[in-house]
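Have a look at query_30.tsv below; it lists TSV, C-alpha atoms.
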```tsv
chain	number	residue	atom	x	y	z
A	18	MET	CA	-102.41	-6.85	-4.81
A	19	ALA	CA	-98.85	-5.67	-4.80
A	20	THR	CA	-97.29	-6.10	-1.33
A	21	GLY	CA	-93.55	-6.20	-2.16
A	22	ILE	CA	-91.17	-3.37	-2.77
A	23	PRO	CA	-90.65	-2.67	-6.40
A	24	HIS	CA	-87.36	-3.81	-7.87
A	25	GLY	CA	-86.49	-0.32	-8.92
A	26	THR	CA	-86.88	0.88	-5.34
A	27	ILE	CA	-84.33	-1.66	-4.05
A	28	ALA	CA	-81.84	-0.65	-6.70
A	29	GLY	CA	-82.34	2.97	-5.84
A	30	ALA	CA	-81.68	2.30	-2.14
A	31	GLY	CA	-78.44	0.56	-2.99
A	32	ALA	CA	-77.40	3.48	-5.11
A	33	LEU	CA	-77.91	5.85	-2.15
A	34	ARG	CA	-75.42	4.06	0.13
A	35	GLY	CA	-72.25	6.08	0.84
A	36	PRO	CA	-68.75	4.70	0.74
A	37	ASP	CA	-68.47	4.78	4.53
A	38	ASP	CA	-71.31	2.26	4.83
A	39	THR	CA	-69.27	-0.56	3.21
A	40	ALA	CA	-65.59	0.43	3.73
A	41	GLY	CA	-63.70	-1.93	6.01
A	42	PRO	CA	-60.20	-1.51	7.58
A	43	PRO	CA	-57.41	-0.71	5.03
A	44	THR	CA	-55.80	-3.77	3.56
A	45	PRO	CA	-52.02	-3.84	4.19
A	46	ARG	CA	-49.87	-4.04	1.14
A	47	PRO	CA	-48.45	-7.51	0.63
A	48	GLY	CA	-44.77	-8.03	1.35
A	49	GLY	CA	-44.31	-5.18	3.88
A	50	GLY	CA	-42.39	-5.40	7.14
A	51	TRP	CA	-38.96	-6.50	8.18
A	52	THR	CA	-38.02	-10.14	7.87
A	53	ALA	CA	-34.85	-11.84	9.03
A	54	GLY	CA	-33.70	-12.13	5.43
A	55	ARG	CA	-34.17	-8.42	4.75
A	56	VAL	CA	-32.34	-7.41	7.94
A	57	THR	CA	-29.45	-9.71	7.05
A	58	THR	CA	-29.30	-8.30	3.53
A	59	VAL	CA	-29.10	-4.72	4.84
A	60	VAL	CA	-26.31	-5.68	7.27
A	61	VAL	CA	-24.35	-7.36	4.46
A	62	GLY	CA	-24.88	-4.29	2.29
A	63	SER	CA	-23.62	-2.00	5.05
A	64	VAL	CA	-20.47	-4.08	5.52
A	65	LEU	CA	-19.93	-4.09	1.77
A	66	ALA	CA	-20.28	-0.28	1.76
A	67	LEU	CA	-17.46	-0.02	4.31
A	68	ILE	CA	-15.32	-2.33	2.17
A	69	SER	CA	-16.09	-0.16	-0.83
A	70	LEU	CA	-14.92	2.97	1.00
A	71	GLY	CA	-11.73	1.18	2.03
A	72	LEU	CA	-10.97	0.05	-1.52
A	73	LEU	CA	-11.59	3.53	-2.90
A	74	GLY	CA	-9.41	5.10	-0.21
A	75	ILE	CA	-6.48	2.72	-0.70
A	76	GLY	CA	-6.75	2.96	-4.47
A	77	GLY	CA	-6.74	6.75	-4.33
A	78	LEU	CA	-3.75	6.75	-1.97
A	79	LEU	CA	-1.76	4.44	-4.22
A	80	MET	CA	-2.58	6.57	-7.26
A	81	TRP	CA	-1.45	9.68	-5.40
A	82	ALA	CA	1.78	7.95	-4.33
A	83	ASP	CA	2.44	6.81	-7.89
A	84	GLN	CA	2.10	10.36	-9.21
A	85	ALA	CA	3.60	12.35	-6.34
A	86	LEU	CA	6.62	10.23	-5.39
A	87	ARG	CA	7.71	8.93	-8.75
A	88	GLN	CA	10.97	10.37	-10.14
A	89	ASP	CA	12.52	8.91	-13.27
A	90	GLY	CA	10.46	5.76	-12.83
A	91	TYR	CA	11.37	5.41	-9.13
A	92	MET	CA	9.61	6.32	-5.91
A	93	THR	CA	12.49	7.96	-4.06
A	94	THR	CA	13.18	9.11	-0.53
A	95	GLY	CA	14.54	12.56	0.08
A	96	THR	CA	18.30	13.04	-0.12
A	97	ALA	CA	20.00	13.14	3.30
A	98	THR	CA	23.56	13.58	4.47
A	99	TYR	CA	25.03	10.86	6.67
A	100	THR	CA	28.36	10.82	8.50
A	101	ALA	CA	30.24	8.04	10.23
A	102	THR	CA	33.46	8.11	12.23
A	103	GLY	CA	33.78	4.36	11.90
A	104	TYR	CA	34.40	2.22	8.83
A	105	ALA	CA	30.96	2.04	7.25
A	106	LEU	CA	27.41	3.27	6.98
A	107	ALA	CA	25.08	0.27	6.95
A	108	SER	CA	21.36	-0.07	6.53
A	109	GLU	CA	19.16	-2.05	8.85
A	110	ARG	CA	18.35	-5.62	7.89
A	111	VAL	CA	15.73	-5.42	5.14
A	112	SER	CA	13.52	-8.50	4.80
A	113	LEU	CA	11.84	-9.16	1.45
A	114	SER	CA	9.64	-12.21	1.76
A	115	TRP	CA	6.28	-11.41	0.11
A	116	GLY	CA	6.47	-12.92	-3.33
A	117	TRP	CA	3.51	-10.92	-4.69
A	118	LEU	CA	5.25	-7.69	-3.70
A	119	LEU	CA	8.47	-8.68	-5.41
A	120	THR	CA	6.79	-9.78	-8.62
A	121	GLY	CA	4.16	-7.05	-8.71
A	122	LEU	CA	4.80	-3.88	-6.77
A	123	ILE	CA	8.57	-3.81	-6.29
A	124	GLY	CA	10.80	-3.98	-9.33
A	125	ASP	CA	14.33	-2.54	-8.99
A	126	VAL	CA	15.99	-0.97	-5.97
A	127	ARG	CA	18.16	2.08	-6.62
A	128	LEU	CA	20.75	3.60	-4.27
A	129	ARG	CA	22.50	6.88	-5.11
A	130	VAL	CA	25.46	7.82	-2.94
A	131	THR	CA	27.90	10.74	-3.25
A	132	GLN	CA	30.82	11.69	-1.02
A	133	THR	CA	30.39	15.22	0.31
A	134	ASP	CA	34.01	15.74	-0.72
A	135	PRO	CA	33.70	15.52	-4.51
A	136	GLY	CA	37.29	14.43	-4.89
A	137	LYS	CA	36.85	11.27	-2.79
A	138	ALA	CA	35.60	7.95	-4.08
A	139	VAL	CA	32.86	5.97	-2.40
A	140	PHE	CA	31.97	2.28	-2.40
A	141	VAL	CA	28.30	1.24	-2.20
A	142	ALA	CA	26.98	-2.33	-2.21
A	143	ILE	CA	24.11	-4.65	-1.30
A	144	GLY	CA	24.60	-8.13	0.10
A	145	PRO	CA	23.00	-10.78	2.32
A	146	ALA	CA	22.37	-9.31	5.76
A	147	ASP	CA	24.02	-12.15	7.68
A	148	ARG	CA	27.21	-11.99	5.62
A	149	GLY	CA	27.28	-8.20	5.81
A	150	ALA	CA	26.93	-8.30	9.60
A	151	ALA	CA	29.70	-10.90	9.81
A	152	TYR	CA	31.96	-8.74	7.62
A	153	LEU	CA	31.47	-5.72	9.91
A	154	SER	CA	31.56	-7.74	13.13
A	155	GLY	CA	33.93	-6.23	15.66
A	156	ALA	CA	34.36	-3.01	13.66
A	157	ALA	CA	33.06	0.45	14.45
A	158	TYR	CA	30.32	1.48	12.03
A	159	THR	CA	27.00	3.34	11.93
A	160	THR	CA	23.60	1.80	11.25
A	161	VAL	CA	21.02	3.93	9.45
A	162	THR	CA	17.63	3.11	10.94
A	163	GLY	CA	15.47	5.52	8.94
A	164	THR	CA	15.37	7.82	5.92
A	165	GLY	CA	16.63	10.87	7.81
A	166	THR	CA	19.69	11.74	9.83
A	167	GLY	CA	17.89	11.25	13.14
A	168	GLY	CA	18.02	7.45	12.94
A	169	LEU	CA	21.75	6.74	13.26
A	170	VAL	CA	23.02	4.11	15.70
A	171	SER	CA	26.74	3.75	16.34
A	172	GLN	CA	28.22	0.28	16.66
A	173	HIS	CA	31.50	0.25	18.57
A	174	GLY	CA	34.47	-1.95	17.84
A	175	THR	CA	38.22	-2.04	17.28
A	176	ALA	CA	38.61	-4.41	14.31
A	177	ARG	CA	39.36	-3.04	10.85
A	178	PRO	CA	37.44	-4.81	8.06
A	179	ALA	CA	39.13	-5.80	4.82
A	180	PRO	CA	38.65	-3.43	1.88
A	181	PRO	CA	35.03	-3.91	0.81
A	182	ARG	CA	35.86	-4.73	-2.81
A	183	THR	CA	37.72	-7.83	-1.63
A	184	ALA	CA	35.00	-9.12	0.69
A	185	GLY	CA	33.34	-11.27	-1.99
A	186	ILE	CA	29.91	-11.07	-0.36
A	187	TRP	CA	28.12	-8.44	-2.42
A	188	ILE	CA	25.50	-9.21	-5.08
A	189	ALA	CA	25.61	-5.67	-6.50
A	190	GLN	CA	28.22	-2.94	-6.02
A	191	ALA	CA	29.51	0.33	-7.44
A	192	THR	CA	32.57	2.43	-6.70
A	193	GLY	CA	34.12	5.67	-7.90
A	194	THR	CA	34.06	9.45	-7.51
A	195	GLY	CA	30.94	11.51	-7.99
A	196	THR	CA	27.46	10.04	-7.63
A	197	GLN	CA	27.48	6.26	-7.60
A	198	THR	CA	24.18	4.70	-8.69
A	199	LEU	CA	23.51	1.11	-7.71
A	200	ARG	CA	20.54	-0.74	-9.24
A	201	TRP	CA	19.48	-4.15	-8.06
A	202	THR	CA	16.45	-6.30	-8.93
A	203	ALA	CA	14.71	-7.11	-5.65
A	204	GLN	CA	14.87	-10.73	-4.51
A	205	ALA	CA	13.41	-12.55	-1.53
A	206	GLY	CA	15.67	-12.69	1.49
A	207	ASP	CA	17.32	-10.51	4.15
A	208	TRP	CA	19.59	-7.79	2.79
A	209	MET	CA	21.96	-5.04	3.91
A	210	ALA	CA	23.30	-2.02	2.04
A	211	VAL	CA	26.63	-0.42	2.95
A	212	ALA	CA	28.62	2.69	1.99
A	213	MET	CA	32.35	2.76	2.71
A	214	ASN	CA	35.62	4.22	1.60
A	215	PRO	CA	36.97	1.93	-1.15
A	216	ASP	CA	40.17	1.22	0.82
A	217	GLY	CA	38.25	0.46	4.00
A	218	SER	CA	39.58	3.47	5.89
A	219	PRO	CA	37.43	5.03	8.65
A	220	GLY	CA	35.46	8.24	8.42
A	221	LEU	CA	33.10	9.20	5.63
A	222	ALA	CA	30.31	11.67	4.90
A	223	VAL	CA	27.89	11.02	2.07
A	224	ARG	CA	24.66	12.27	0.56
A	225	ALA	CA	22.32	9.42	-0.29
A	226	ASP	CA	18.82	8.53	-1.34
A	227	ALA	CA	17.01	5.25	-1.97
A	228	GLY	CA	14.23	4.43	-4.40
A	229	VAL	CA	12.22	1.54	-5.79
A	230	SER	CA	10.47	1.08	-9.09
A	231	ALA	CA	6.86	-0.02	-8.82
A	232	PRO	CA	5.69	-1.00	-12.32
A	233	TRP	CA	2.32	-2.33	-11.19
A	234	LEU	CA	1.42	0.35	-8.65
A	235	PHE	CA	-0.77	2.44	-10.99
A	236	ARG	CA	-2.55	-0.64	-12.34
A	237	LEU	CA	-3.20	-1.89	-8.80
A	238	ALA	CA	-4.61	1.53	-7.86
A	239	VAL	CA	-7.00	1.48	-10.84
A	240	GLU	CA	-8.14	-2.07	-10.06
A	241	LEU	CA	-8.83	-1.17	-6.42
A	242	ILE	CA	-10.85	1.90	-7.45
A	243	ILE	CA	-12.91	-0.10	-9.95
A	244	SER	CA	-13.49	-2.81	-7.33
A	245	GLY	CA	-14.59	-0.13	-4.87
A	246	ILE	CA	-17.09	1.30	-7.34
A	247	VAL	CA	-18.56	-2.16	-8.07
A	248	ALA	CA	-18.75	-2.98	-4.36
A	249	GLY	CA	-20.44	0.38	-3.72
A	250	ALA	CA	-23.09	-0.24	-6.38
A	251	LEU	CA	-23.80	-3.72	-5.02
A	252	SER	CA	-24.01	-2.43	-1.44
A	253	ALA	CA	-26.51	0.22	-2.54
A	254	ALA	CA	-28.73	-2.46	-4.09
A	255	LEU	CA	-28.49	-4.67	-1.00
A	256	ILE	CA	-29.59	-1.78	1.21
A	257	VAL	CA	-32.19	0.02	-0.94
A	258	VAL	CA	-34.18	-3.02	-2.14
A	259	PRO	CA	-34.92	-4.51	1.34
A	260	VAL	CA	-35.80	-1.04	2.72
A	261	ARG	CA	-38.32	-0.47	-0.08
A	262	LEU	CA	-39.82	-3.93	0.36
A	263	ALA	CA	-40.07	-3.51	4.11
A	264	SER	CA	-41.82	-0.15	3.76
A	265	GLY	CA	-44.24	-1.58	1.23
A	266	ALA	CA	-43.11	0.80	-1.52
A	267	ARG	CA	-43.82	-0.21	-5.08
```

Would you mind writing the structure in this file as structure tokens?
Amino acid sequence: MATGIPHGTIAGAGALRGPDDTAGPPTPRPGGGWTAGRVTTVVVGSVLALISLGLLGIGGLLMWADQALRQDGYMTTGTATYTATGYALASERVSLSWGWLLTGLIGDVRLRVTQTDPGKAVFVAIGPADRGAAYLSGAAYTTVTGTGTGGLVSQHGTARPAPPRTAGIWIAQATGTGTQTLRWTAQAGDWMAVAMNPDGSPGLAVRADAGVSAPWLFRLAVELIISGIVAGALSAALIVVPVRLASGAR
């Protein structure tokens, strides 16, 4: 007497079960969610992205300056006309103390000075700032505080300095009629440039410009741009990978 359910019947019942009868809650993908490590990585990547933008911006600016301001191998200010009723036109104290600038970015300094009266000679020189100030001490002269004619400061005095060619304090000098070009290899220290009448007499009017050679400027610009690109690629990886892991993307 057969009292059990045939084996085939049990198998058939199992085959009639729908997927909803056995489906449980969805299993979360392993590795999802934000961890402290992933948050930190995204923050580091964001900071690196800002650094990348800064490097690219500075590199682009330096490349533009190298191309736009360079004339005959020098980055030159505009030519301006300066006048002085006293004995000299003198620059402000210029401090050169960053060795990497002197050996890398700044090469030679060039001054070009011309008397507005083409028949008159002009004396132009560069010397230590302290000795230049001592030489002009007590004399009336004009300090040039910028690259335009708006930055002139008159220094009052009654003493007459000795003719500049006899001062013995200059490390580079030029004198004569027409445009006088003075070139000097930049050195660390505090410096002053002056323009005077060769005999030391008062009153002069000159046209002048200043320039510097920057042999490594273009190379520095390229290196900064390349560094910016590398930093940008790394920042993208540091941001994208944790975001994908946190979202459970495969």

#### Entry: Nearest residue to Asp226 in chain A from the set A:Ala203, A:Ile243, A:Ile188, A:Val130 (distances using all atoms listed in the file)
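Of A:Ala203, A:Ile243, A:Ile188, A:Val130, the one nearest Asp226 in chain A is A:Val130, counting all atoms listed in the file.
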
### Message
Calculated over only C-alpha atoms, which of the candidates A:Pro181, A:Leu113, A:Thr100, A:Pro135 has the smallest distance to Thr159 in chain A?
### Response
A:Thr100

### Query
So what do you get for CA of Ile68 in chain A versus CA of Ser244 in chain A, distance-wise?
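It comes out at 9.7 Å.
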
### Task
Write out as a list in words the residues lying within 9 Å of Arg200 in chain A, counting all atoms listed in the file and excluding same-chain residues fewer than 4 positions away.
Asp125, Val126, Arg127, Leu128, Arg129, Ala189 and Gln190 of chain A

Near range 94-99 of chain A, within 6 Å and counting all atoms listed in the file, which residues show up once chain neighbours fewer than 6 positions away are dropped, as a PDB file with C-alpha atoms, keeping the file's coordinate frame?
```pdb
ATOM      1  CA  ALA A 222      30.310  11.670   4.900  1.00  0.00           C
ATOM      2  CA  VAL A 223      27.890  11.020   2.070  1.00  0.00           C
ATOM      3  CA  ARG A 224      24.660  12.270   0.560  1.00  0.00           C
ATOM      4  CA  ALA A 225      22.320   9.420  -0.290  1.00  0.00           C
ATOM      5  CA  ASP A 226      18.820   8.530  -1.340  1.00  0.00           C
ATOM      6  CA  ALA A 227      17.010   5.250  -1.970  1.00  0.00           C
TER       7      ALA A 227
END
```

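Rounded to one decimal, CA of Ser112 in chain A and CA of Leu237 in chain A lie 22.5 Å from each other.
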
### Query
Between A:Leu106, A:Leu199, A:Ala156, A:Ile75, which has the minimum distance to Pro178 in chain A (counting only C-alpha atoms)?
A:Ala156

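Across A:Gly103, A:Gly149, A:Gly144, A:Gly193, the tightest approach to Gly174 in chain A is made by A:Gly103 when counting only C-alpha atoms.
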